[in-house]
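Source file: work30.csv. Holds: CSV, C-alpha atoms.
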```
chain,number,residue,atom,x,y,z
A,102,MET,CA,0.0,0.0,0.0
A,103,TYR,CA,1.2,3.4,-0.9
A,104,VAL,CA,-1.3,5.4,1.1
A,105,ILE,CA,-0.4,6.7,4.5
A,106,LYS,CA,-3.4,7.9,6.5
A,107,ASP,CA,-2.3,9.9,9.5
A,108,LYS,CA,-4.0,12.9,11.0
A,109,ARG,CA,-0.6,14.6,11.4
A,110,LEU,CA,-0.2,14.7,7.7
A,111,GLU,CA,-3.4,16.7,7.2
A,112,THR,CA,-3.0,20.4,6.6
A,113,GLU,CA,-5.2,23.4,5.7
A,114,VAL,CA,-4.1,25.7,2.9
A,115,PHE,CA,-6.1,28.5,1.3
A,116,GLY,CA,-9.2,27.3,3.1
A,117,LEU,CA,-9.0,23.7,1.9
A,118,LYS,CA,-8.2,20.6,4.0
A,119,PHE,CA,-5.6,18.4,2.3
A,120,PRO,CA,-5.1,14.8,3.5
A,121,ASN,CA,-1.4,15.3,3.0
A,122,ARG,CA,1.0,17.8,1.4
A,123,VAL,CA,2.1,15.8,-1.7
A,124,GLY,CA,0.2,16.4,-4.9
A,125,LEU,CA,0.5,15.4,-8.5
A,126,ALA,CA,1.3,18.3,-10.8
A,127,ALA,CA,-0.7,19.2,-13.9
A,128,GLY,CA,0.3,17.6,-17.2
A,129,PHE,CA,0.1,14.0,-16.1
A,130,ASP,CA,-3.7,13.6,-16.0
A,131,LYS,CA,-4.6,16.2,-18.7
A,132,ASN,CA,-8.1,15.1,-19.3
A,133,ALA,CA,-9.1,14.1,-15.7
A,134,LEU,CA,-9.2,10.4,-16.8
A,135,LEU,CA,-7.0,8.8,-14.1
A,136,TYR,CA,-7.4,11.0,-10.9
A,137,LYS,CA,-9.0,8.2,-9.0
A,138,GLU,CA,-6.4,5.6,-9.8
A,139,LEU,CA,-3.5,8.1,-9.3
A,140,SER,CA,-4.9,9.1,-5.9
A,141,ASN,CA,-4.4,5.4,-4.8
A,142,PHE,CA,-0.6,6.1,-4.9
A,143,GLY,CA,-1.1,8.3,-1.8
A,144,PHE,CA,-1.3,11.7,-3.3
A,145,GLY,CA,-3.1,14.3,-1.2
A,146,PHE,CA,-4.5,16.1,-4.3
A,147,ILE,CA,-4.4,15.8,-8.0
A,148,GLU,CA,-4.1,18.7,-10.5
A,149,ILE,CA,-5.7,18.0,-13.8
A,150,GLY,CA,-5.0,19.8,-17.1
A,151,THR,CA,-3.9,22.1,-18.5
A,152,VAL,CA,-7.4,22.2,-20.1
A,153,THR,CA,-8.4,24.7,-22.8
A,154,PRO,CA,-11.9,25.7,-24.0
A,155,LYS,CA,-11.7,23.7,-27.3
A,156,PRO,CA,-9.9,20.3,-27.8
A,157,GLN,CA,-6.5,20.6,-29.5
A,158,ASP,CA,-3.9,18.1,-30.7
A,159,GLY,CA,-0.9,20.0,-29.3
A,160,ASN,CA,2.4,20.1,-31.1
A,161,PRO,CA,3.6,17.5,-33.6
A,162,LYS,CA,5.1,14.3,-32.3
A,163,LYS,CA,7.8,13.4,-31.1
A,164,ARG,CA,7.3,15.9,-28.3
A,165,LEU,CA,8.3,14.2,-25.1
A,166,PHE,CA,12.0,13.2,-24.4
A,167,ARG,CA,13.7,11.5,-21.5
A,168,LEU,CA,17.2,12.8,-20.5
A,169,LYS,CA,18.2,9.8,-18.5
A,170,GLU,CA,21.7,10.9,-17.7
A,171,ASP,CA,20.2,14.1,-16.2
A,172,ALA,CA,17.1,12.5,-14.6
A,173,ALA,CA,15.1,15.0,-16.6
A,174,ILE,CA,12.4,15.3,-19.2
A,175,ILE,CA,11.9,17.8,-22.1
A,176,ASN,CA,8.4,18.2,-23.3
A,177,ARG,CA,6.8,20.4,-26.0
A,178,MET,CA,3.3,18.9,-25.7
A,179,GLY,CA,1.5,22.2,-26.4
A,180,PHE,CA,-1.6,21.9,-24.2
A,181,ASN,CA,-2.8,18.7,-26.0
A,182,ASN,CA,-6.2,18.0,-24.4
A,183,ASP,CA,-9.8,17.0,-25.2
A,184,GLY,CA,-11.2,20.3,-24.1
A,185,VAL,CA,-12.9,21.5,-20.9
A,186,ASP,CA,-16.2,19.9,-21.6
A,187,GLU,CA,-14.6,16.4,-21.6
A,188,ALA,CA,-12.8,17.1,-18.4
A,189,VAL,CA,-16.1,18.1,-16.8
A,190,LEU,CA,-17.7,14.9,-17.8
A,191,HIS,CA,-15.0,12.9,-16.1
A,192,LEU,CA,-14.9,15.1,-13.0
A,193,LYS,CA,-18.6,14.7,-12.4
A,194,LYS,CA,-17.8,11.2,-11.1
A,195,ASN,CA,-15.5,12.5,-8.4
A,196,LYS,CA,-16.8,12.2,-4.8
A,197,THR,CA,-13.8,12.4,-2.5
A,198,ILE,CA,-10.6,13.5,-4.2
A,199,LEU,CA,-9.3,17.0,-3.9
A,200,ILE,CA,-8.8,18.3,-7.4
A,201,GLY,CA,-7.1,21.4,-8.9
A,202,GLY,CA,-8.0,22.6,-12.3
A,203,ASN,CA,-5.2,24.0,-14.4
A,204,ILE,CA,-6.5,26.3,-17.1
A,205,GLY,CA,-5.0,27.7,-20.3
A,206,LYS,CA,-5.8,29.2,-23.7
A,207,ASN,CA,-6.1,27.6,-27.0
A,208,LYS,CA,-3.2,28.0,-29.4
A,209,VAL,CA,-5.4,29.8,-32.0
A,210,THR,CA,-6.6,32.3,-29.4
A,211,SER,CA,-4.6,35.6,-29.6
A,212,ASN,CA,-3.1,37.0,-26.4
A,213,GLU,CA,-5.5,40.0,-26.8
A,214,ASN,CA,-8.4,37.5,-26.4
A,215,ALA,CA,-6.8,35.1,-24.0
A,216,VAL,CA,-8.9,36.3,-21.1
A,217,ASP,CA,-12.0,34.9,-22.8
A,218,ASP,CA,-10.5,31.4,-22.9
A,219,TYR,CA,-9.6,31.5,-19.2
A,220,ILE,CA,-13.1,32.7,-18.3
A,221,ILE,CA,-14.7,29.8,-20.3
A,222,CYS,CA,-12.6,27.2,-18.4
A,223,PHE,CA,-13.2,28.9,-15.1
A,224,GLU,CA,-16.9,28.9,-15.5
A,225,LYS,CA,-17.2,25.4,-16.8
A,226,LEU,CA,-14.9,23.8,-14.2
A,227,TYR,CA,-16.0,25.9,-11.2
A,228,ALA,CA,-18.5,23.3,-9.8
A,229,TYR,CA,-16.0,20.4,-10.2
A,230,VAL,CA,-12.6,21.5,-8.9
A,231,ASP,CA,-11.4,22.7,-5.5
A,232,TYR,CA,-8.9,25.2,-6.7
A,233,PHE,CA,-7.8,26.8,-10.0
A,234,VAL,CA,-4.4,27.3,-11.5
A,235,VAL,CA,-3.8,30.0,-14.2
A,236,ASN,CA,-1.1,28.7,-16.5
A,237,VAL,CA,0.7,31.5,-18.4
A,238,SER,CA,4.1,29.9,-17.9
A,239,SER,CA,4.3,27.0,-20.3
A,240,PRO,CA,7.0,27.6,-22.9
A,241,ASN,CA,5.2,25.4,-25.5
A,242,THR,CA,2.3,27.7,-26.6
A,243,PRO,CA,3.6,30.5,-28.8
A,244,ASN,CA,3.7,33.9,-26.9
A,245,LEU,CA,2.0,32.5,-23.9
A,246,ARG,CA,4.7,33.6,-21.5
A,247,GLU,CA,4.1,37.2,-22.6
A,248,LEU,CA,1.0,37.0,-20.4
A,249,GLN,CA,3.3,36.9,-17.4
A,250,GLU,CA,4.1,40.6,-17.9
A,251,LYS,CA,2.7,42.8,-15.2
A,252,GLU,CA,-0.1,44.6,-17.1
A,253,PRO,CA,-1.8,41.6,-18.9
A,254,LEU,CA,-1.3,39.3,-16.0
A,255,THR,CA,-2.9,41.7,-13.5
A,256,LYS,CA,-5.9,42.2,-15.9
A,257,LEU,CA,-6.3,38.4,-16.4
A,258,LEU,CA,-6.2,37.6,-12.7
A,259,GLN,CA,-8.5,40.5,-11.7
A,260,VAL,CA,-11.1,39.5,-14.2
A,261,LEU,CA,-11.1,35.9,-12.8
A,262,GLN,CA,-11.1,37.2,-9.2
A,263,ASN,CA,-14.1,39.4,-10.0
A,264,LEU,CA,-16.0,36.4,-11.4
A,265,ASN,CA,-14.9,34.4,-8.4
A,266,ALA,CA,-16.2,37.0,-6.0
A,267,GLU,CA,-19.7,36.7,-7.5
A,268,LYS,CA,-19.9,33.0,-6.6
A,269,GLN,CA,-21.6,31.8,-3.5
A,270,VAL,CA,-18.4,30.0,-2.5
A,271,PRO,CA,-15.3,31.5,-4.2
A,272,LYS,CA,-12.6,29.0,-5.1
A,273,PRO,CA,-8.9,29.6,-4.5
A,274,ILE,CA,-7.1,30.9,-7.7
A,275,LEU,CA,-3.4,30.3,-8.0
A,276,LEU,CA,-0.8,31.4,-10.5
A,277,LYS,CA,1.8,29.0,-11.9
A,278,ILE,CA,5.0,30.8,-12.8
A,279,ALA,CA,8.2,30.0,-14.7
A,280,PRO,CA,11.5,29.4,-13.1
A,281,ASP,CA,13.1,31.7,-15.6
A,282,LEU,CA,11.8,34.9,-14.1
A,283,THR,CA,14.3,37.5,-12.8
A,284,ASN,CA,14.2,38.7,-9.3
A,285,GLU,CA,12.6,41.9,-10.5
A,286,GLN,CA,9.9,39.9,-12.3
A,287,LEU,CA,9.4,37.8,-9.1
A,288,LEU,CA,8.9,41.1,-7.2
A,289,ASP,CA,6.3,42.0,-9.8
A,290,ILE,CA,4.6,38.6,-9.1
A,291,ILE,CA,4.4,39.4,-5.4
A,292,ALA,CA,2.9,42.8,-6.2
A,293,ILE,CA,0.3,41.3,-8.5
A,294,VAL,CA,-0.7,38.6,-6.0
A,295,ASN,CA,-1.1,41.3,-3.3
A,296,GLU,CA,-3.1,43.6,-5.7
A,297,THR,CA,-5.4,40.9,-7.1
A,298,GLN,CA,-5.7,39.0,-3.8
A,299,ILE,CA,-5.4,35.6,-5.5
A,300,ALA,CA,-4.9,32.7,-3.2
A,301,GLY,CA,-1.3,31.8,-4.0
A,302,VAL,CA,1.5,30.8,-6.4
A,303,ILE,CA,2.8,27.5,-7.9
A,304,ALA,CA,6.6,27.6,-8.3
A,305,THR,CA,7.7,26.5,-10.7
A,306,ASN,CA,6.8,25.3,-14.2
A,307,THR,CA,9.4,23.9,-16.6
A,308,THR,CA,12.5,25.9,-17.7
A,309,ILE,CA,13.9,26.8,-21.1
A,310,SER,CA,17.4,26.8,-19.6
A,311,ARG,CA,19.8,24.0,-20.7
A,312,GLU,CA,22.6,24.6,-18.3
A,313,SER,CA,24.9,21.7,-17.3
A,314,LEU,CA,23.0,19.0,-19.2
A,315,THR,CA,24.8,15.9,-20.5
A,316,SER,CA,22.1,14.0,-22.4
A,317,ASN,CA,22.0,14.1,-26.2
A,318,ASN,CA,18.4,15.1,-26.0
A,319,LYS,CA,19.3,18.5,-24.5
A,320,VAL,CA,19.1,19.9,-28.0
A,321,GLU,CA,15.3,19.3,-28.1
A,322,ILE,CA,13.0,22.4,-27.9
A,323,GLY,CA,10.6,22.5,-25.0
A,324,GLY,CA,10.3,22.8,-21.3
A,325,LEU,CA,12.8,21.0,-19.1
A,326,SER,CA,11.7,19.4,-15.9
A,327,GLY,CA,13.4,17.1,-13.3
A,328,LYS,CA,16.6,17.2,-11.3
A,329,PRO,CA,18.2,20.1,-13.2
A,330,LEU,CA,15.3,22.2,-11.8
A,331,THR,CA,15.6,21.2,-8.2
A,332,ASN,CA,17.7,24.1,-6.9
A,333,ARG,CA,16.3,26.8,-9.0
A,334,SER,CA,12.6,26.1,-8.1
A,335,THR,CA,13.6,26.0,-4.4
A,336,GLU,CA,15.4,29.4,-4.8
A,337,VAL,CA,12.2,30.9,-6.3
A,338,ILE,CA,10.1,29.5,-3.5
A,339,ARG,CA,12.5,31.0,-0.9
A,340,PHE,CA,12.6,34.4,-2.6
A,341,LEU,CA,8.8,34.6,-2.9
A,342,SER,CA,8.3,33.5,0.7
A,343,GLU,CA,11.0,35.9,2.2
A,344,LYS,CA,10.3,38.9,0.0
A,345,SER,CA,6.5,38.7,0.6
A,346,ASN,CA,6.9,38.0,4.3
A,347,LYS,CA,4.9,34.7,3.7
A,348,ALA,CA,1.9,36.7,2.6
A,349,PHE,CA,0.5,33.9,0.5
A,350,PRO,CA,0.8,30.1,0.2
A,351,ILE,CA,3.2,28.5,-2.3
A,352,ILE,CA,3.0,25.1,-3.9
A,353,GLY,CA,6.5,23.9,-4.6
A,354,VAL,CA,7.2,21.9,-7.7
A,355,GLY,CA,10.3,21.2,-9.7
A,356,GLY,CA,12.9,18.5,-9.4
A,357,ILE,CA,11.6,16.6,-6.4
A,358,HIS,CA,13.3,13.2,-6.7
A,359,CYS,CA,13.7,12.2,-3.1
A,360,ALA,CA,12.1,13.0,0.3
A,361,GLN,CA,14.8,15.6,1.1
A,362,ASP,CA,14.0,17.5,-2.0
A,363,ALA,CA,10.4,17.9,-0.8
A,364,LEU,CA,11.5,18.9,2.7
A,365,ASP,CA,13.9,21.5,1.2
A,366,LYS,CA,11.0,23.1,-0.6
A,367,LEU,CA,8.7,23.0,2.5
A,368,ASN,CA,11.6,24.5,4.6
A,369,ALA,CA,12.1,27.2,1.9
A,370,GLY,CA,8.5,28.3,2.4
A,371,ALA,CA,6.2,26.0,0.4
A,372,SER,CA,3.0,24.9,2.1
A,373,LEU,CA,2.4,22.0,-0.3
A,374,VAL,CA,4.6,20.2,-3.0
A,375,GLN,CA,3.8,18.5,-6.3
A,376,LEU,CA,5.5,15.8,-8.3
A,377,TYR,CA,5.8,15.1,-12.0
A,378,THR,CA,9.2,14.0,-13.4
A,379,GLY,CA,10.3,12.6,-10.0
A,380,PHE,CA,7.2,10.5,-10.0
A,381,ILE,CA,8.1,9.1,-13.4
A,382,TYR,CA,11.7,8.4,-12.5
A,383,GLU,CA,11.3,7.2,-8.9
A,384,GLY,CA,7.9,5.6,-9.1
A,385,PRO,CA,5.0,5.9,-6.6
A,386,LYS,CA,7.1,4.9,-3.6
A,387,LEU,CA,8.3,8.5,-3.7
A,388,VAL,CA,5.0,9.8,-2.5
A,389,LYS,CA,5.1,7.5,0.5
A,390,GLU,CA,8.7,8.3,1.3
A,391,ILE,CA,8.0,12.0,1.3
A,392,ASN,CA,5.0,11.6,3.6
A,393,LYS,CA,7.0,9.4,6.0
A,394,ALA,CA,9.8,12.1,6.1
A,395,ILE,CA,7.2,14.8,6.8
A,396,LEU,CA,5.9,12.7,9.7
A,397,LYS,CA,9.4,12.1,11.0
A,398,ASN,CA,10.2,15.8,10.9
A,399,SER,CA,6.9,17.1,12.2
```

What do you get writing this file as structure tokens?
Amino acid sequence: MYVIKDKRLETEVFGLKFPNRVGLAAGFDKNALLYKELSNFGFGFIEIGTVTPKPQDGNPKKRLFRLKEDAAIINRMGFNNDGVDEAVLHLKKNKTILIGGNIGKNKVTSNENAVDDYIICFEKLYAYVDYFVVNVSSPNTPNLRELQEKEPLTKLLQVLQNLNAEKQVPKPILLKIAPDLTNEQLLDIIAIVNETQIAGVIATNTTISRESLTSNNKVEIGGLSGKPLTNRSTEVIRFLSEKSNKAFPIIGVGGIHCAQDALDKLNAGASLVQLYTGFIYEGPKLVKEINKAILKNS
């Protein structure tokens, strides 16, 4: 059994009660097909998506590459998914699993009209997810990262927050950011979170950096995840936590391949952690190992 049930693992973050702090990052269960099965590996929460309003094929294959020598993955999937309506159909069956909904825009939608795509996904998923993640940090949709600039990002988040405020029970909205932001841009992120009063930040998405890689696949275009990201994502978490005076919760993700990696992110200021590449390389035992380490250090 991979599941550890222990009251001491439970935690409350942005008003939600998590059975434990270890979640599955978006990108693994894009269409909300496997969240029930995946939760049996001991995850405290599952983030589905990224979903877009309309179905889309994503980028041409091959688009996913293992860098075994670096314990890393490069992907250029391009938000391949069956569309938000299909995700909703699958999520209607959920009874007990805490679900995050990661939302994005269709490739054919211009940045000027991107807000409309996020609104569609927000409205359609609202009844079926526990929290939302606004993804403007994937490197695999052309020009998407331009939405991380202060003005368009503030507008996008404020529009969603205004819609959220009209709901009987508003849902936490989080922002997923890239590890490639400068300190100045990270300070902008803190200011935007404070201004829009969103619930928190996920740090970090994949990187476009190729520093110190040894695998032949390092030449592939796309977002890099895994061990090469471990230190940078922890640095970003620590910077956000310290510079904001812990003003908002952070979900730490990026290069967690052992229990100590997860503890480092929690100690740097993360309230929760998520796995993706580490889960692929290390297997489901990693979830159990992290939860056991959290118990030991609590």

Within 10 Å of segment 235-240 of chain A, which residues of segment 149-180 of chain A show up? Give each one with its shortest atom-to-atom distance in Å (one decimal) and the two atoms involved, counting all atoms listed in the file, rows by chain then rising residue number, as a Markdown table.
```
| residue | atom | partner | partner_atom | distance |
| --- | --- | --- | --- | --- |
| A:Gly150 | CA | A:Asn236 | CA | 9.7 |
| A:Thr151 | CA | A:Asn236 | CA | 7.4 |
| A:Val152 | CA | A:Asn236 | CA | 9.7 |
| A:Asn176 | CA | A:Pro240 | CA | 9.5 |
| A:Arg177 | CA | A:Pro240 | CA | 7.8 |
| A:Met178 | CA | A:Ser239 | CA | 9.8 |
| A:Gly179 | CA | A:Ser239 | CA | 8.3 |
| A:Phe180 | CA | A:Ser239 | CA | 8.7 |
```

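Between atom CA of Leu264 of chain A and atom CA of Glu296 of chain A there is a distance of 15.8 Å.
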
* Asked: Which polymer residues have any atom within 10 Å of an atom of segment 125-138 of chain A, counting all atoms listed in the file, with same-chain residues fewer than 3 positions away left out, as a VMD selection string?
  -> chain A and resid 141 to 152 178 180 to 192 194 to 204 234 236 303 306 352 to 355 374 to 378 380 to 381 388

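Close contacts of Leu288 of chain A, defined as residues with an atom at most 12 Å away when counting only C-alpha atoms, with chain neighbours fewer than 6 positions off set aside, comprise Glu250, Lys251, Leu282, Val294, Asn295, Val337, Phe340, Leu341, Ser342, Glu343, Lys344 and Ser345 of chain A.
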
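The protein and nucleic acid residues lying at most 6 Å from segment 315-332 of chain A are Leu168, Glu170, Ala172, Ala173, Ile174, Ile175, Asn176, Arg177, Thr307, Thr308, Ile309, Gly355, Gly356 and Thr378 of chain A, with all atoms listed in the file considered and sequence neighbours fewer than 5 positions away removed.
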
Restricted to C-alpha atoms, what would the selected residues look like written as an mmCIF file, in the coordinates of the input?
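Full text of again-v8.cif as output:
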```cif
data_model
loop_
_atom_site.group_PDB
_atom_site.id
_atom_site.type_symbol
_atom_site.label_atom_id
_atom_site.label_comp_id
_atom_site.auth_asym_id
_atom_site.auth_seq_id
_atom_site.Cartn_x
_atom_site.Cartn_y
_atom_site.Cartn_z
ATOM 1 C CA LEU A 168 17.200 12.800 -20.500
ATOM 2 C CA GLU A 170 21.700 10.900 -17.700
ATOM 3 C CA ALA A 172 17.100 12.500 -14.600
ATOM 4 C CA ALA A 173 15.100 15.000 -16.600
ATOM 5 C CA ILE A 174 12.400 15.300 -19.200
ATOM 6 C CA ILE A 175 11.900 17.800 -22.100
ATOM 7 C CA ASN A 176 8.400 18.200 -23.300
ATOM 8 C CA ARG A 177 6.800 20.400 -26.000
ATOM 9 C CA THR A 307 9.400 23.900 -16.600
ATOM 10 C CA THR A 308 12.500 25.900 -17.700
ATOM 11 C CA ILE A 309 13.900 26.800 -21.100
ATOM 12 C CA GLY A 355 10.300 21.200 -9.700
ATOM 13 C CA GLY A 356 12.900 18.500 -9.400
ATOM 14 C CA THR A 378 9.200 14.000 -13.400
#
```

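Among the candidates A:Thr283, A:Gly205, A:Ser372, A:Tyr219, the residue lying nearest to Lys347 of chain A is A:Ser372 (atoms considered: all atoms listed in the file).
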
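Compared by their closest atoms to Ile291 of chain A, and using all atoms listed in the file, the residues A:Asn368, A:Thr112, A:Thr255, A:Thr305 rank with A:Thr255 nearest.
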
* Structure fact -> Among A:Ile357, A:Leu396, A:Ile293, A:Ile391, Lys256 of chain A is approached most closely, using only C-alpha atoms, by A:Ile293

* To do: Can you work out the spacing between atom CA of Arg122 of chain A and atom CA of Leu110 of chain A in Å, to one decimal?
  => 7.1 Å

* Tell me, as JSON, numbers by chain, which residues lie within 10 Å of Val270 of chain A, counting only C-alpha atoms; anything in the same chain fewer than 3 positions away does not count. => {"A": [227, 228, 265, 266, 267, 273]}

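If you measure from each of A:Gln298, A:Thr153, A:Asn121, A:Asn241 to Ala215 of chain A using all atoms listed in the file, the closest one turns out to be A:Thr153.
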
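Each of A:Val216, A:Asp231, A:Glu111, A:Asp171 was compared to His358 of chain A using only C-alpha atoms, and A:Asp171 turns out to be the nearest.
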
* Mind giving me the straight-line distance from atom CA of Leu258 of chain A to atom CA of Glu336 of chain A in Å, one decimal? => 24.4 Å

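Comparing the minimum interatomic distances between Lys208 of chain A and each of A:Val230, A:Leu245, A:Ala348, A:Ile221, counting all atoms listed in the file, we find that A:Leu245 sits nearest.
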
* Residue contacts of Leu257 of chain A (10 Å, all atoms listed in the file) excluding same-chain residues fewer than 2 positions away, as a PyMOL selection string -> chain A and resi 215-217+219-220+235+248-249+252-255+259-262+297
